[in-house]
Amino acid sequence: MIDIQIIADKLKRRERIAREDALCLLRSTDILALGAMAGAEKRKRTADKVFFNVNCHVNLTNICVSRCTFCAFSCDKDAPQAYTMTEQEVLARVRAALPLGITEVHMVSGLHPDKPFAYYLGIVRALKQEFPSVHIKAFTPVELLYFSDISGLTVHAILEQLIDAGLGSLPGGGAEVLSPRVREALCPKKATARQWLDIMGMAHGLGLKSNATLLWGHIETDEEIADHLLSLRELQDKTGGFQTFIPLPFHSANTGLTSRGRPTAFEQLRLFAVSRLVLDNFDHIKAYWIMTGLKIAQLALLFGADDVDGTVVEERITHAAGADTAQGLTRNELMDIIRQAGRQPVQRDTLYNELTL
Ligand code: SF4
């Protein structure tokens with residue numbers, strides 16, 4: 001077993017964390033040492049700053065042909081809770097959120113069996129037309145591949161058309177665990193790990209920034225988490241297109257994996273620290289408070305995280321899986337949480353430009 005001090009010395013020499021180092025860190029119980037190491041790496045990049053944005057989430061539909069085992073949000077077309085938003089409903093939702101000062105619409109959705117690509121393209125175009133200053137961050141590689149399948153267009157052409165309509169960047173979802181074994185077991189119908197990475201690389205090549213996630217705390221192994229992080233680091237070396245890494249603790253309620261417990265605070269803080277240490281070419285690590293809970297999001301700021309996401313306004317996906325967090329927070333509430341942790345709140349736009357409060 002590698003000693004954690006050997007890894008700390010490596011970091012001081014600016015050497016990269018290797019796979020066996022990552023595994024050692026993922027299994028370490030020396031949480032305070034991990035926090036100190038990750039905190040130092042965070043400070044080198046962003047000093048005391050912790051970023052947040054003011055955004056609103058839109059989930060166009062919960063009807064999905066993929067029906068991944070871990071997903072409590074999706075349903076079949078004839079389920080009582082099935083919904084699909086019209087373009088007018090989307091515009092009304094964003095109009096209602098405008099007085100809150102939103103700078104971003106975050107939009108991810110199920111893979112609808114009948115809606116054509118024109119539906120999604122039309123919504124992006126309509127949003128951009130009515131709210132030209134609001135950044136549209138939408139569609140995971142899983143959705144983009146699906147649009148390609150239903151339209152007969154290449155993913156490249158799909159991306160070009162969406163960019164032309166007003167798409168500003170991609171969220172980081174759909175990555176789950178970038179492991180063929182896990183995906184075959186839990187989400188065999190959707191984009192493979194390779195496809196997810198290739199589409200992200202393609203989007204970066206077209207000038208789009210994106211995020212990257214890891215949905216963890218179900219059937220994955222430590223080795224698979226280490227490999228996930230290293231795959232992201234390798235792609236980032238090539239493209240530089242990732243902005244933020246977001247580790248998402250799995251919520252099991254109403255999913256096909258209900259016997260699993262939620263990751264503990266200890267496990268979550270350790271993963272924040274390991275992410276900060278392994279992903280040395282990512283500028284930001286985000287504590288997405290909707291999924292971690294506010295208390296852990298706040299503590300994560302001492303374990304390498306430098307972002308708490310946004311005000312959100314109305315969240316459906318994690319709440320379908322039993323999240324007990326609020327549906328949204330105000331800007332002041334987010335700033336208070338950051339200040340209490342001894343950090344300096346900085347409002348950002350989607351691309352991490354700092355905004356004056
Ligand atoms: S995780 Fe996404 S692709 Fe999978 S069932 Fe849920 S909405 Fe569909």
# chains A, B, ... in the order shown; residues from 1 in each chain; ligands from 1
$ residues_near_ligand --ligand "ligand 1" --cutoff "6 Å" --atoms "only C-alpha atoms and all ligand atoms" --output "compact mmCIF listing (two decimals) with N, CA, C and O atoms, in the first residue's frame"
# COMPACT_ATOMS: atom_id res chain seq x y z
N CYS A 64 -38.91 8.54 -21.19
CA CYS A 64 -37.58 8.16 -21.66
C CYS A 64 -37.55 6.71 -22.11
O CYS A 64 -38.06 5.83 -21.41
N SER A 66 -34.86 4.99 -22.42
CA SER A 66 -33.69 4.28 -21.90
C SER A 66 -33.99 3.54 -20.59
O SER A 66 -33.57 2.41 -20.40
N ARG A 67 -34.76 4.16 -19.71
CA ARG A 67 -35.15 3.59 -18.43
C ARG A 67 -33.99 2.95 -17.67
O ARG A 67 -34.00 1.77 -17.30
N CYS A 68 -32.95 3.75 -17.44
CA CYS A 68 -31.77 3.29 -16.70
C CYS A 68 -32.19 2.85 -15.29
O CYS A 68 -33.05 3.48 -14.67
N CYS A 71 -32.42 5.42 -12.40
CA CYS A 71 -33.13 6.67 -12.64
C CYS A 71 -34.55 6.63 -12.09
O CYS A 71 -35.35 5.79 -12.49
N PHE A 73 -36.42 9.43 -12.20
CA PHE A 73 -37.08 10.54 -12.87
C PHE A 73 -37.90 10.07 -14.07
O PHE A 73 -39.00 10.54 -14.31
N SER A 74 -37.35 9.11 -14.80
CA SER A 74 -37.96 8.73 -16.08
C SER A 74 -39.18 7.85 -15.89
O SER A 74 -39.36 7.20 -14.86
N SER A 109 -33.05 16.29 -20.22
CA SER A 109 -34.37 15.68 -20.30
C SER A 109 -34.27 14.20 -20.61
O SER A 109 -33.20 13.69 -20.94
N GLY A 110 -35.43 13.51 -20.55
CA GLY A 110 -35.50 12.12 -20.97
C GLY A 110 -35.40 12.01 -22.49
O GLY A 110 -35.47 13.02 -23.21
N LEU A 111 -35.26 10.77 -22.94
CA LEU A 111 -35.15 10.50 -24.39
C LEU A 111 -36.55 10.14 -24.89
O LEU A 111 -36.98 8.99 -24.80
$ residues_around --residues "A:Lys12" --least-positions-apart "6" --cutoff "12 Å" --atoms "only C-alpha atoms" --output "PyMOL selection string"
chain A and resi 5-6+37+40-41+44+277
$ residues_around --residues "A:Ala300" --least-positions-apart "6" --cutoff "9 Å" --atoms "only C-alpha atoms" --output "NGL selection string"
:A and (35 or 268-269 or 272-273 or 286-287 or 306)
$ residues_around --residues "A:Asp164" --least-positions-apart "2" --cutoff "12 Å" --atoms "only C-alpha atoms" --output "ChimeraX atom specification"
/A:121-122,124-125,128-129,157-162,166-168,206,208
$ write_last_selection --atoms "N, CA, C and O atoms" --output "PDB file, in the first residue's frame"
ATOM      1  N   LEU A 121     -34.499  21.641 -31.128  1.00  0.00           N
ATOM      2  CA  LEU A 121     -33.863  22.755 -31.834  1.00  0.00           C
ATOM      3  C   LEU A 121     -34.741  24.007 -31.745  1.00  0.00           C
ATOM      4  O   LEU A 121     -34.249  25.118 -31.495  1.00  0.00           O
ATOM      5  N   GLY A 122     -36.037  23.805 -31.920  1.00  0.00           N
ATOM      6  CA  GLY A 122     -36.971  24.931 -31.864  1.00  0.00           C
ATOM      7  C   GLY A 122     -36.972  25.580 -30.488  1.00  0.00           C
ATOM      8  O   GLY A 122     -37.049  26.819 -30.378  1.00  0.00           O
ATOM      9  N   VAL A 124     -34.479  25.664 -28.290  1.00  0.00           N
ATOM     10  CA  VAL A 124     -33.241  26.433 -28.124  1.00  0.00           C
ATOM     11  C   VAL A 124     -33.349  27.756 -28.884  1.00  0.00           C
ATOM     12  O   VAL A 124     -33.022  28.826 -28.355  1.00  0.00           O
ATOM     13  N   ARG A 125     -33.860  27.679 -30.096  1.00  0.00           N
ATOM     14  CA  ARG A 125     -33.956  28.897 -30.911  1.00  0.00           C
ATOM     15  C   ARG A 125     -34.918  29.898 -30.267  1.00  0.00           C
ATOM     16  O   ARG A 125     -34.622  31.098 -30.180  1.00  0.00           O
ATOM     17  N   LYS A 128     -33.353  31.533 -27.191  1.00  0.00           N
ATOM     18  CA  LYS A 128     -32.317  32.519 -27.530  1.00  0.00           C
ATOM     19  C   LYS A 128     -32.942  33.788 -28.082  1.00  0.00           C
ATOM     20  O   LYS A 128     -32.455  34.893 -27.822  1.00  0.00           O
ATOM     21  N   GLN A 129     -34.009  33.598 -28.821  1.00  0.00           N
ATOM     22  CA  GLN A 129     -34.675  34.756 -29.417  1.00  0.00           C
ATOM     23  C   GLN A 129     -35.298  35.636 -28.330  1.00  0.00           C
ATOM     24  O   GLN A 129     -35.152  36.850 -28.343  1.00  0.00           O
ATOM     25  N   ALA A 157     -23.300  17.257 -36.960  1.00  0.00           N
ATOM     26  CA  ALA A 157     -24.316  18.135 -37.569  1.00  0.00           C
ATOM     27  C   ALA A 157     -25.333  18.591 -36.526  1.00  0.00           C
ATOM     28  O   ALA A 157     -25.782  19.745 -36.545  1.00  0.00           O
ATOM     29  N   ILE A 158     -25.686  17.689 -35.623  1.00  0.00           N
ATOM     30  CA  ILE A 158     -26.627  18.048 -34.530  1.00  0.00           C
ATOM     31  C   ILE A 158     -26.033  19.198 -33.716  1.00  0.00           C
ATOM     32  O   ILE A 158     -26.715  20.198 -33.424  1.00  0.00           O
ATOM     33  N   LEU A 159     -24.774  19.059 -33.375  1.00  0.00           N
ATOM     34  CA  LEU A 159     -24.128  20.103 -32.563  1.00  0.00           C
ATOM     35  C   LEU A 159     -24.066  21.421 -33.331  1.00  0.00           C
ATOM     36  O   LEU A 159     -24.346  22.483 -32.774  1.00  0.00           O
ATOM     37  N   GLU A 160     -23.716  21.340 -34.612  1.00  0.00           N
ATOM     38  CA  GLU A 160     -23.623  22.581 -35.409  1.00  0.00           C
ATOM     39  C   GLU A 160     -24.969  23.302 -35.453  1.00  0.00           C
ATOM     40  O   GLU A 160     -25.040  24.522 -35.300  1.00  0.00           O
ATOM     41  N   GLN A 161     -26.037  22.528 -35.636  1.00  0.00           N
ATOM     42  CA  GLN A 161     -27.368  23.157 -35.714  1.00  0.00           C
ATOM     43  C   GLN A 161     -27.764  23.760 -34.360  1.00  0.00           C
ATOM     44  O   GLN A 161     -28.368  24.836 -34.297  1.00  0.00           O
ATOM     45  N   LEU A 162     -27.443  23.065 -33.285  1.00  0.00           N
ATOM     46  CA  LEU A 162     -27.789  23.586 -31.952  1.00  0.00           C
ATOM     47  C   LEU A 162     -26.979  24.846 -31.631  1.00  0.00           C
ATOM     48  O   LEU A 162     -27.502  25.804 -31.051  1.00  0.00           O
ATOM     49  N   GLY A 166     -28.318  28.686 -30.832  1.00  0.00           N
ATOM     50  CA  GLY A 166     -28.068  29.435 -29.602  1.00  0.00           C
ATOM     51  C   GLY A 166     -27.531  28.630 -28.436  1.00  0.00           C
ATOM     52  O   GLY A 166     -27.375  29.164 -27.323  1.00  0.00           O
ATOM     53  N   LEU A 167     -27.241  27.343 -28.654  1.00  0.00           N
ATOM     54  CA  LEU A 167     -26.661  26.546 -27.558  1.00  0.00           C
ATOM     55  C   LEU A 167     -25.308  27.131 -27.146  1.00  0.00           C
ATOM     56  O   LEU A 167     -24.465  27.420 -28.003  1.00  0.00           O
ATOM     57  N   GLY A 168     -25.105  27.293 -25.824  1.00  0.00           N
ATOM     58  CA  GLY A 168     -23.873  27.929 -25.358  1.00  0.00           C
ATOM     59  C   GLY A 168     -22.848  26.972 -24.785  1.00  0.00           C
ATOM     60  O   GLY A 168     -21.636  27.216 -24.856  1.00  0.00           O
ATOM     61  N   LEU A 206     -15.636  21.949 -31.359  1.00  0.00           N
ATOM     62  CA  LEU A 206     -16.497  22.958 -31.993  1.00  0.00           C
ATOM     63  C   LEU A 206     -16.574  24.233 -31.158  1.00  0.00           C
ATOM     64  O   LEU A 206     -17.362  25.128 -31.452  1.00  0.00           O
ATOM     65  N   LEU A 208     -17.383  24.459 -27.839  1.00  0.00           N
ATOM     66  CA  LEU A 208     -18.263  24.459 -26.668  1.00  0.00           C
ATOM     67  C   LEU A 208     -17.490  24.022 -25.431  1.00  0.00           C
ATOM     68  O   LEU A 208     -16.708  23.072 -25.484  1.00  0.00           O
TER      69      LEU A 208
END
$ select_by_dssp --residues "stretch 89-268 of chain A" --states "alpha helix (DSSP H)" --output "number ranges by chain"
A: 89-97, 117-130, 141-151, 155-165, 180-186, 193-205, 222-239, 265-268
